[in-house]
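*Asks:* Sharing my_file07.cif below, mmCIF, C-alpha atoms and all ligand atoms:
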```cif
data_final
#
loop_
_atom_site.label_atom_id
_atom_site.label_comp_id
_atom_site.auth_asym_id
_atom_site.auth_seq_id
_atom_site.Cartn_x
_atom_site.Cartn_y
_atom_site.Cartn_z
CA LEU A 1 87.40 134.31 94.68
CA ILE A 2 85.03 131.48 95.46
CA LYS A 3 82.65 130.57 92.64
CA ALA A 4 81.75 126.97 93.43
CA CYS A 5 81.65 124.53 96.32
CA LEU A 6 82.16 120.80 95.90
CA PHE A 7 80.96 118.48 98.63
CA ASP A 8 81.94 114.99 99.59
CA LEU A 9 78.88 112.95 100.56
CA ASP A 10 79.63 110.47 103.31
CA GLY A 11 80.74 112.29 106.47
CA VAL A 12 80.01 115.74 105.08
CA ILE A 13 76.36 115.78 103.94
CA VAL A 14 75.19 112.65 105.75
CA ASP A 15 76.60 110.09 108.16
CA THR A 16 76.45 106.89 106.14
CA ALA A 17 79.80 105.70 107.55
CA ARG A 18 78.00 103.89 110.38
CA PHE A 19 76.03 101.83 107.80
CA HIS A 20 79.16 101.10 105.75
CA TYR A 21 80.78 99.88 108.98
CA ILE A 22 77.91 97.55 109.94
CA ALA A 23 77.84 96.04 106.44
CA TRP A 24 81.64 95.64 106.16
CA ARG A 25 81.85 94.19 109.65
CA GLN A 26 79.24 91.58 108.72
CA LEU A 27 81.30 90.66 105.65
CA ALA A 28 84.40 90.29 107.83
CA ASN A 29 82.48 88.21 110.39
CA ASP A 30 81.17 85.95 107.58
CA LEU A 31 84.81 85.36 106.63
CA GLY A 32 85.75 84.55 110.23
CA PHE A 33 87.34 87.74 111.59
CA ASP A 34 86.29 91.07 113.07
CA LEU A 35 86.66 94.64 111.84
CA THR A 36 87.19 97.33 114.45
CA GLU A 37 85.83 100.84 114.21
CA GLN A 38 89.40 102.11 114.02
CA GLU A 39 90.18 99.83 111.08
CA ASN A 40 87.02 101.08 109.42
CA GLU A 41 88.44 104.64 109.51
CA GLN A 42 90.88 103.69 106.73
CA LEU A 43 87.95 102.96 104.43
CA LYS A 44 86.55 106.49 104.40
CA GLY A 45 86.57 108.02 100.93
CA ILE A 46 87.97 104.80 99.44
CA SER A 47 86.07 102.93 96.73
CA ARG A 48 84.09 99.76 97.42
CA MET A 49 86.55 97.33 95.80
CA GLU A 50 89.60 99.05 97.33
CA SER A 51 87.88 98.89 100.72
CA LEU A 52 87.31 95.17 100.25
CA GLU A 53 91.01 94.64 99.45
CA ILE A 54 92.00 96.48 102.65
CA ILE A 55 89.57 94.40 104.72
CA LEU A 56 90.79 91.12 103.22
CA GLY A 57 94.32 92.26 104.05
CA ILE A 58 93.30 92.87 107.67
CA GLY A 59 91.78 89.39 107.93
CA GLY A 60 94.56 87.72 105.95
CA VAL A 61 91.93 86.18 103.66
CA GLU A 62 92.39 85.50 99.96
CA LEU A 63 89.43 85.28 97.60
CA SER A 64 89.04 84.68 93.88
CA GLU A 65 88.03 87.67 91.72
CA ASP A 66 84.50 86.25 91.34
CA GLU A 67 84.17 85.74 95.07
CA LYS A 68 85.34 89.34 95.68
CA LEU A 69 82.68 90.67 93.35
CA SER A 70 79.92 88.63 94.93
CA ARG A 71 80.99 89.53 98.51
CA ALA A 72 81.12 93.22 97.56
CA ALA A 73 77.66 92.99 95.97
CA GLU A 74 76.33 91.30 99.10
CA LYS A 75 77.84 94.06 101.25
CA ASN A 76 76.22 96.68 99.06
CA THR A 77 72.78 95.03 99.34
CA ARG A 78 73.12 95.07 103.13
CA TYR A 79 74.35 98.66 103.09
CA LEU A 80 71.44 99.85 100.95
CA ALA A 81 68.95 98.03 103.17
CA LEU A 82 70.37 99.95 106.16
CA CYS A 83 70.21 103.22 104.19
CA GLN A 84 66.46 102.70 103.80
CA GLN A 85 66.11 103.88 107.42
CA MET A 86 67.44 107.32 106.51
CA THR A 87 65.17 110.35 106.29
CA PRO A 88 65.82 114.05 105.57
CA ASP A 89 66.46 114.42 109.32
CA ASP A 90 69.68 112.46 108.85
CA THR A 91 71.23 115.30 106.89
CA LEU A 92 74.13 116.46 109.07
CA PRO A 93 73.43 119.58 111.20
CA GLY A 94 73.73 122.91 109.42
CA VAL A 95 74.26 121.44 105.93
CA ARG A 96 70.89 122.44 104.50
CA ALA A 97 71.17 126.02 105.82
CA PHE A 98 74.69 126.36 104.40
CA LEU A 99 73.59 125.11 100.97
CA ASP A 100 70.67 127.53 101.06
CA GLU A 101 73.16 130.35 101.65
CA LEU A 102 75.24 129.20 98.67
CA LYS A 103 72.14 129.15 96.48
CA VAL A 104 71.21 132.69 97.48
CA ALA A 105 74.77 133.76 96.61
CA SER A 106 74.49 132.00 93.18
CA MET A 107 77.46 129.75 93.93
CA GLY A 108 77.97 126.58 91.92
CA ILE A 109 77.19 123.47 93.96
CA GLY A 110 78.54 120.04 93.12
CA LEU A 111 78.99 116.61 94.67
CA GLY A 112 82.29 114.73 94.54
CA SER A 113 81.87 111.28 96.05
CA ALA A 114 83.52 107.89 95.70
CA SER A 115 80.13 106.27 96.25
CA LYS A 116 78.18 104.54 93.51
CA ASN A 117 75.08 105.06 95.64
CA ALA A 118 75.35 108.85 95.87
CA LYS A 119 72.14 109.68 93.97
CA ILE A 120 70.06 107.13 95.87
CA ILE A 121 71.27 108.57 99.18
CA LEU A 122 70.72 112.20 98.18
CA GLU A 123 67.19 111.27 97.13
CA ARG A 124 66.51 109.59 100.47
CA ILE A 125 67.51 112.70 102.39
CA ASP A 126 65.78 114.95 99.85
CA MET A 127 68.94 116.85 98.89
CA LEU A 128 69.34 115.88 95.23
CA SER A 129 67.91 119.13 93.87
CA TYR A 130 70.66 121.26 95.46
CA PHE A 131 73.35 119.80 93.21
CA GLN A 132 74.05 121.16 89.73
CA THR A 133 76.40 118.28 89.09
CA ILE A 134 77.09 114.92 90.66
CA VAL A 135 80.46 113.28 90.19
CA ASP A 136 80.27 109.87 91.84
CA GLY A 137 81.81 106.42 91.80
CA ASN A 138 79.99 105.59 88.56
CA ARG A 139 81.78 108.38 86.66
CA ILE A 140 85.33 108.40 87.98
CA THR A 141 88.12 106.09 86.84
CA LYS A 142 90.59 107.19 89.53
CA GLY A 143 89.55 107.37 93.17
CA LYS A 144 90.61 109.86 95.85
CA PRO A 145 93.43 110.90 96.52
CA ASP A 146 93.54 111.39 92.74
CA PRO A 147 92.14 114.86 91.88
CA GLN A 148 89.89 113.55 89.07
CA VAL A 149 86.63 113.60 91.05
CA PHE A 150 86.90 117.28 91.93
CA LEU A 151 88.40 118.38 88.59
CA MET A 152 85.39 116.83 86.84
CA GLY A 153 83.09 118.70 89.20
CA ALA A 154 84.82 122.03 88.49
CA ASP A 155 84.65 121.35 84.76
CA ASP A 156 80.93 120.52 84.94
CA LEU A 157 80.35 123.83 86.72
CA ASP A 158 82.53 125.74 84.22
CA THR A 159 84.68 126.94 87.10
CA LEU A 160 88.46 127.03 87.41
CA PRO A 161 89.91 124.82 90.19
CA GLU A 162 91.34 127.91 91.92
CA ASN A 163 87.79 129.23 92.31
CA CYS A 164 86.53 126.01 93.92
CA VAL A 165 86.26 125.00 97.55
CA VAL A 166 86.06 121.34 98.56
CA PHE A 167 84.44 120.08 101.78
CA GLU A 168 85.86 116.73 102.86
CA ASP A 169 86.00 114.53 105.96
CA ALA A 170 88.59 112.03 104.67
CA VAL A 171 92.36 112.40 104.44
CA ALA A 172 92.29 110.94 100.90
CA GLY A 173 89.64 113.52 99.95
CA ILE A 174 91.67 116.47 101.27
CA GLN A 175 94.67 115.22 99.29
CA SER A 176 92.47 114.95 96.20
CA ALA A 177 91.27 118.56 96.63
CA LYS A 178 94.78 119.88 97.20
CA SER A 179 96.19 118.14 94.14
CA ALA A 180 93.28 119.60 92.15
CA GLY A 181 94.52 123.05 93.21
CA MET A 182 91.44 123.85 95.28
CA PHE A 183 90.85 125.34 98.74
CA ALA A 184 90.19 122.40 101.05
CA VAL A 185 87.93 122.62 104.07
CA GLY A 186 88.22 119.65 106.39
CA ILE A 187 85.10 118.54 108.25
CA GLY A 188 86.33 116.90 111.43
CA GLU A 189 89.46 117.18 113.55
CA LYS A 190 92.52 119.30 112.81
CA SER A 191 94.86 116.58 114.00
CA VAL A 192 93.49 114.14 111.41
CA LEU A 193 92.93 116.58 108.54
CA ALA A 194 96.25 118.42 108.90
CA GLU A 195 96.61 118.88 105.13
CA ALA A 196 93.39 120.91 104.86
CA ASP A 197 93.55 124.71 104.47
CA PHE A 198 90.92 125.13 107.15
CA VAL A 199 89.11 122.71 109.47
CA VAL A 200 85.68 122.96 111.08
CA PRO A 201 83.91 120.33 113.18
CA GLY A 202 80.74 120.63 111.08
CA PHE A 203 78.37 123.08 109.41
CA ASN A 204 76.57 124.18 112.56
CA ASP A 205 77.17 127.92 113.00
CA PHE A 206 79.29 127.96 109.85
CA HIS A 207 78.33 130.53 107.25
CA LEU A 208 79.44 131.62 103.80
CA ALA A 209 81.01 134.74 105.36
CA ASP A 210 83.21 132.46 107.53
CA LEU A 211 84.31 130.55 104.44
CA VAL A 212 85.14 133.74 102.54
CA ALA A 213 87.14 135.06 105.53
CA ALA A 214 89.05 131.78 105.84
CA SER A 215 89.86 131.61 102.14
CA GLU A 216 91.18 135.18 102.15
CA SER A 217 93.33 134.89 105.24
P1 LIG B 301 79.77 102.74 97.68
P2 LIG B 301 82.38 109.55 100.02
C1 LIG B 301 82.69 106.92 100.09
O1 LIG B 301 81.85 108.02 100.05
C2 LIG B 301 82.74 106.36 101.50
O2 LIG B 301 83.41 107.27 102.36
C3 LIG B 301 83.52 105.07 101.48
O3 LIG B 301 83.56 104.53 102.79
C4 LIG B 301 82.84 104.09 100.52
O4 LIG B 301 83.56 102.87 100.45
C5 LIG B 301 82.79 104.74 99.14
O5 LIG B 301 82.08 105.96 99.23
C6 LIG B 301 82.13 103.85 98.10
O6 LIG B 301 80.78 103.73 98.42
O7 LIG B 301 80.04 101.35 98.16
O8 LIG B 301 78.43 103.29 98.11
O9 LIG B 301 79.99 102.88 96.19
O10 LIG B 301 82.92 109.83 101.38
O11 LIG B 301 83.41 109.67 98.90
O12 LIG B 301 81.12 110.29 99.72
MG MG B 302 83.60 111.24 103.07
#
```
Mind converting the file's structure to structure tokens?

*Replies:*
Amino acid sequence: LIKACLFDLDGVIVDTARFHYIAWRQLANDLGFDLTEQENEQLKGISRMESLEIILGIGGVELSEDEKLSRAAEKNTRYLALCQQMTPDDTLPGVRAFLDELKVASMGIGLGSASKNAKIILERIDMLSYFQTIVDGNRITKGKPDPQVFLMGADDLDTLPENCVVFEDAVAGIQSAKSAGMFAVGIGEKSVLAEADFVVPGFNDFHLADLVAASES
């Protein structure tokens, strides 16, 4: 029985990945190497500092801890400047209608994101009021694929993990949902999100009845 839905932010509610990529690529370029779009895929759902470590590994660059913090802060300033362009129209297709359906059905609605900017972004796209709880990068101590982010969300909503559904676009996020004991819906491609219980390309033409049918099959 589904009682609550927990949503990842980037790649599920809104496409901020393109801004993360521009800002990370600039950081790489400043350090003298390039970051391809394919390399950027690995950074989805991964925290800011872990992403930086992966990028430095790609470029074979070593930095002091202080330098890492200042480069990451600089990246974040650039990222947030790019996010300023976003409007409610940037909410991914079908998301708002699906959340409206959940509200009508009195489902719990929560956010489970690795981002420390989650609230700012939800405000920009005017979606903050949908969420009864927000578990973001400021609250968690263990990032995806650890289940902490979604277990905290379930707890906030007073719902057992087995009654929660997670919507995720990242492999690490699907793994996090599965180790939390939740039903995992992948947003994207089946070949990439093979560990999900069910995969859809997006929320367009996807309704609560489809989710219920999938979770019962
Ligand atoms: P920030 P999600 C994640 O968001 C992004 O997918 C990931 O690319 C990013 O590094 C991470 O948030 C941290 O973001 O720098 O804003 O704290 O997909 O978990 O919503
Ligand atoms: Mg994501």

*Asks:* Enumerate residues in contact with ligand MG 302 (chain B): an atom-to-atom distance of at most 10 Å, counting only C-alpha atoms and all ligand atoms. Format the result as number ranges by chain.

*Replies:* A: 7-17, 43-46, 112-115, 167-174, 187

*Asks:* Distance atom CA of A:Lys142-atom CA of A:Phe203, one decimal place?

*Replies:*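 The value is 28.2 Å.
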
*Asks:* Considering only C-alpha atoms, can you say which of A:Ala154, A:Ala97, A:Ile2, A:Ala23 comes closest to A:Lys75?

*Replies:* A:Ala23

*Asks:* Considering only C-alpha atoms and all ligand atoms, state which residue in the set A:Leu56, A:Ile120, A:Leu63, A:Met86 is at the smallest distance from ligand LIG 301 (chain B).

*Replies:*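 Ranked by minimum distance to ligand LIG 301 (chain B), first place goes to A:Ile120.
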
*Asks:* Can you tell me, as a list in words, which residues sit within 10 Å of (66.3, 113.7, 100.4) in the file's frame, using only C-alpha atoms?

*Replies:*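 Using only C-alpha atoms, the matching residues come out as Met86, Thr87, Pro88, Asp89, Asp90, Thr91, Lys119, Ile120, Ile121, Leu122, Glu123, Arg124, Ile125, Asp126, Met127, Leu128 and Ser129 of chain A.
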
*Asks:* Using only the atoms of ligand LIG 301 (chain B) listed in the file, plus 8 Å on each side, state the axis-aligned box centre and edge lengths in Å rounded to one decimal, as AutoDock Vina command-line options.

*Replies:*
```
--center_x 81.0 --center_y 105.8 --center_z 99.5 --size_x 21.1 --size_y 24.9 --size_z 22.6
```

*Asks:* In Å, rounded to a single decimal, give me how far atom CA of A:Ala72 is from atom CA of A:Glu53.

*Replies:*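 Going from atom CA of A:Glu53 over to atom CA of A:Ala72, I get 10.2 Å.
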
*Asks:* Just the number, please: distance in Å from atom CA of A:Glu50 to atom CA of A:Ala73, one decimal.

*Replies:*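 Those two atoms sit 13.5 Å apart.
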
*Asks:* Between A:Val165, A:Ile22, A:Val61, A:Ala118, which is the closest to ligand LIG 301 (chain B) once you count all atoms listed in the file?

*Replies:* A:Ala118

*Asks:* Taking all atoms listed in the file into account, which of A:Gly108, A:Gly137, A:Gly153, A:Gly59 comes nearest ligand LIG 301 (chain B)?

*Replies:*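 Using all atoms listed in the file, the shortest distance to ligand LIG 301 (chain B) belongs to A:Gly137.
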
*Asks:* Please determine, counting only C-alpha atoms and all ligand atoms, which residue among A:Leu31, A:Met152, A:Ala4, A:Ile54 has the shortest atom-to-atom distance to ligand LIG 301 (chain B).

*Replies:*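 The closest residue to ligand LIG 301 (chain B) is A:Ile54.
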
*Asks:* Output: stretch 135-172 of chain A of the preceding structure, restricted to N, CA and C atoms, written as a PDB file, in the first residue's frame.

*Replies:*
```pdb
ATOM      1  N   VAL A 135      14.309  16.562   2.906  1.00  0.00           N
ATOM      2  CA  VAL A 135      15.573  16.011   3.395  1.00  0.00           C
ATOM      3  C   VAL A 135      16.594  16.342   2.308  1.00  0.00           C
ATOM      4  N   ASP A 136      17.572  17.166   2.651  1.00  0.00           N
ATOM      5  CA  ASP A 136      18.515  17.625   1.630  1.00  0.00           C
ATOM      6  C   ASP A 136      19.949  17.461   2.125  1.00  0.00           C
ATOM      7  N   GLY A 137      20.871  17.954   1.332  1.00  0.00           N
ATOM      8  CA  GLY A 137      22.295  17.819   1.649  1.00  0.00           C
ATOM      9  C   GLY A 137      22.711  18.501   2.945  1.00  0.00           C
ATOM     10  N   ASN A 138      21.870  19.384   3.470  1.00  0.00           N
ATOM     11  CA  ASN A 138      22.201  20.034   4.747  1.00  0.00           C
ATOM     12  C   ASN A 138      21.848  19.142   5.938  1.00  0.00           C
ATOM     13  N   ARG A 139      20.994  18.148   5.727  1.00  0.00           N
ATOM     14  CA  ARG A 139      20.544  17.303   6.839  1.00  0.00           C
ATOM     15  C   ARG A 139      21.251  15.957   6.889  1.00  0.00           C
ATOM     16  N   ILE A 140      21.602  15.414   5.738  1.00  0.00           N
ATOM     17  CA  ILE A 140      22.140  14.049   5.735  1.00  0.00           C
ATOM     18  C   ILE A 140      23.637  14.016   6.072  1.00  0.00           C
ATOM     19  N   THR A 141      24.040  12.900   6.683  1.00  0.00           N
ATOM     20  CA  THR A 141      25.464  12.702   6.957  1.00  0.00           C
ATOM     21  C   THR A 141      26.050  11.652   6.019  1.00  0.00           C
ATOM     22  N   LYS A 142      25.152  10.842   5.404  1.00  0.00           N
ATOM     23  CA  LYS A 142      25.607   9.824   4.457  1.00  0.00           C
ATOM     24  C   LYS A 142      24.852  10.008   3.145  1.00  0.00           C
ATOM     25  N   GLY A 143      25.597  10.175   2.058  1.00  0.00           N
ATOM     26  CA  GLY A 143      24.962  10.419   0.766  1.00  0.00           C
ATOM     27  C   GLY A 143      24.450   9.144   0.108  1.00  0.00           C
ATOM     28  N   LYS A 144      23.648   9.304  -0.947  1.00  0.00           N
ATOM     29  CA  LYS A 144      23.226   8.170  -1.760  1.00  0.00           C
ATOM     30  C   LYS A 144      24.500   7.479  -2.274  1.00  0.00           C
ATOM     31  N   PRO A 145      24.606   6.191  -2.325  1.00  0.00           N
ATOM     32  CA  PRO A 145      23.577   5.146  -2.231  1.00  0.00           C
ATOM     33  C   PRO A 145      23.167   4.731  -0.814  1.00  0.00           C
ATOM     34  N   ASP A 146      23.663   5.414   0.222  1.00  0.00           N
ATOM     35  CA  ASP A 146      23.202   5.076   1.565  1.00  0.00           C
ATOM     36  C   ASP A 146      21.698   5.389   1.645  1.00  0.00           C
ATOM     37  N   PRO A 147      20.931   4.575   2.393  1.00  0.00           N
ATOM     38  CA  PRO A 147      19.475   4.803   2.447  1.00  0.00           C
ATOM     39  C   PRO A 147      19.044   5.969   3.343  1.00  0.00           C
ATOM     40  N   GLN A 148      19.992   6.593   4.064  1.00  0.00           N
ATOM     41  CA  GLN A 148      19.628   7.591   5.077  1.00  0.00           C
ATOM     42  C   GLN A 148      18.645   8.656   4.582  1.00  0.00           C
ATOM     43  N   VAL A 149      18.912   9.207   3.402  1.00  0.00           N
ATOM     44  CA  VAL A 149      18.094  10.333   2.914  1.00  0.00           C
ATOM     45  C   VAL A 149      16.609   9.957   2.826  1.00  0.00           C
ATOM     46  N   PHE A 150      16.339   8.755   2.328  1.00  0.00           N
ATOM     47  CA  PHE A 150      14.933   8.359   2.165  1.00  0.00           C
ATOM     48  C   PHE A 150      14.329   7.825   3.472  1.00  0.00           C
ATOM     49  N   LEU A 151      15.156   7.206   4.314  1.00  0.00           N
ATOM     50  CA  LEU A 151      14.645   6.753   5.620  1.00  0.00           C
ATOM     51  C   LEU A 151      14.241   7.956   6.476  1.00  0.00           C
ATOM     52  N   MET A 152      15.011   9.032   6.392  1.00  0.00           N
ATOM     53  CA  MET A 152      14.661  10.247   7.142  1.00  0.00           C
ATOM     54  C   MET A 152      13.347  10.821   6.629  1.00  0.00           C
ATOM     55  N   GLY A 153      13.179  10.777   5.316  1.00  0.00           N
ATOM     56  CA  GLY A 153      11.942  11.286   4.714  1.00  0.00           C
ATOM     57  C   GLY A 153      10.734  10.485   5.175  1.00  0.00           C
ATOM     58  N   ALA A 154      10.871   9.159   5.198  1.00  0.00           N
ATOM     59  CA  ALA A 154       9.770   8.284   5.629  1.00  0.00           C
ATOM     60  C   ALA A 154       9.435   8.569   7.089  1.00  0.00           C
ATOM     61  N   ASP A 155      10.483   8.714   7.899  1.00  0.00           N
ATOM     62  CA  ASP A 155      10.297   8.989   9.318  1.00  0.00           C
ATOM     63  C   ASP A 155       9.568  10.328   9.525  1.00  0.00           C
ATOM     64  N   ASP A 156       9.998  11.345   8.795  1.00  0.00           N
ATOM     65  CA  ASP A 156       9.348  12.668   8.897  1.00  0.00           C
ATOM     66  C   ASP A 156       7.865  12.564   8.569  1.00  0.00           C
ATOM     67  N   LEU A 157       7.535  11.674   7.632  1.00  0.00           N
ATOM     68  CA  LEU A 157       6.134  11.553   7.186  1.00  0.00           C
ATOM     69  C   LEU A 157       5.381  10.479   7.986  1.00  0.00           C
ATOM     70  N   ASP A 158       6.042   9.968   9.039  1.00  0.00           N
ATOM     71  CA  ASP A 158       5.429   8.914   9.872  1.00  0.00           C
ATOM     72  C   ASP A 158       4.933   7.745   9.040  1.00  0.00           C
ATOM     73  N   THR A 159       5.730   7.348   8.073  1.00  0.00           N
ATOM     74  CA  THR A 159       5.330   6.270   7.161  1.00  0.00           C
ATOM     75  C   THR A 159       6.414   5.188   7.158  1.00  0.00           C
ATOM     76  N   LEU A 160       5.996   3.946   7.134  1.00  0.00           N
ATOM     77  CA  LEU A 160       6.970   2.853   7.075  1.00  0.00           C
ATOM     78  C   LEU A 160       7.620   2.825   5.690  1.00  0.00           C
ATOM     79  N   PRO A 161       8.905   2.455   5.624  1.00  0.00           N
ATOM     80  CA  PRO A 161       9.592   2.377   4.322  1.00  0.00           C
ATOM     81  C   PRO A 161       8.808   1.563   3.287  1.00  0.00           C
ATOM     82  N   GLU A 162       8.216   0.441   3.734  1.00  0.00           N
ATOM     83  CA  GLU A 162       7.492  -0.414   2.776  1.00  0.00           C
ATOM     84  C   GLU A 162       6.267   0.271   2.165  1.00  0.00           C
ATOM     85  N   ASN A 163       5.839   1.374   2.767  1.00  0.00           N
ATOM     86  CA  ASN A 163       4.701   2.118   2.221  1.00  0.00           C
ATOM     87  C   ASN A 163       5.150   3.354   1.426  1.00  0.00           C
ATOM     88  N   CYS A 164       6.462   3.430   1.165  1.00  0.00           N
ATOM     89  CA  CYS A 164       6.993   4.595   0.439  1.00  0.00           C
ATOM     90  C   CYS A 164       7.448   4.227  -0.970  1.00  0.00           C
ATOM     91  N   VAL A 165       7.255   5.173  -1.868  1.00  0.00           N
ATOM     92  CA  VAL A 165       7.762   5.053  -3.232  1.00  0.00           C
ATOM     93  C   VAL A 165       8.790   6.161  -3.439  1.00  0.00           C
ATOM     94  N   VAL A 166       9.897   5.821  -4.070  1.00  0.00           N
ATOM     95  CA  VAL A 166      10.930   6.815  -4.370  1.00  0.00           C
ATOM     96  C   VAL A 166      11.011   7.024  -5.880  1.00  0.00           C
ATOM     97  N   PHE A 167      11.113   8.268  -6.299  1.00  0.00           N
ATOM     98  CA  PHE A 167      11.306   8.618  -7.714  1.00  0.00           C
ATOM     99  C   PHE A 167      12.724   9.154  -7.873  1.00  0.00           C
ATOM    100  N   GLU A 168      13.507   8.505  -8.700  1.00  0.00           N
ATOM    101  CA  GLU A 168      14.937   8.807  -8.819  1.00  0.00           C
ATOM    102  C   GLU A 168      15.433   8.692 -10.251  1.00  0.00           C
ATOM    103  N   ASP A 169      16.358   9.566 -10.624  1.00  0.00           N
ATOM    104  CA  ASP A 169      16.954   9.466 -11.968  1.00  0.00           C
ATOM    105  C   ASP A 169      18.383   8.938 -11.922  1.00  0.00           C
ATOM    106  N   ALA A 170      18.952   8.788 -10.714  1.00  0.00           N
ATOM    107  CA  ALA A 170      20.363   8.391 -10.613  1.00  0.00           C
ATOM    108  C   ALA A 170      20.496   6.961 -10.102  1.00  0.00           C
ATOM    109  N   VAL A 171      21.483   6.262 -10.594  1.00  0.00           N
ATOM    110  CA  VAL A 171      21.742   4.886 -10.152  1.00  0.00           C
ATOM    111  C   VAL A 171      21.944   4.857  -8.636  1.00  0.00           C
ATOM    112  N   ALA A 172      22.751   5.797  -8.118  1.00  0.00           N
ATOM    113  CA  ALA A 172      23.018   5.847  -6.669  1.00  0.00           C
ATOM    114  C   ALA A 172      21.719   6.054  -5.889  1.00  0.00           C
TER     115      ALA A 172
END
```
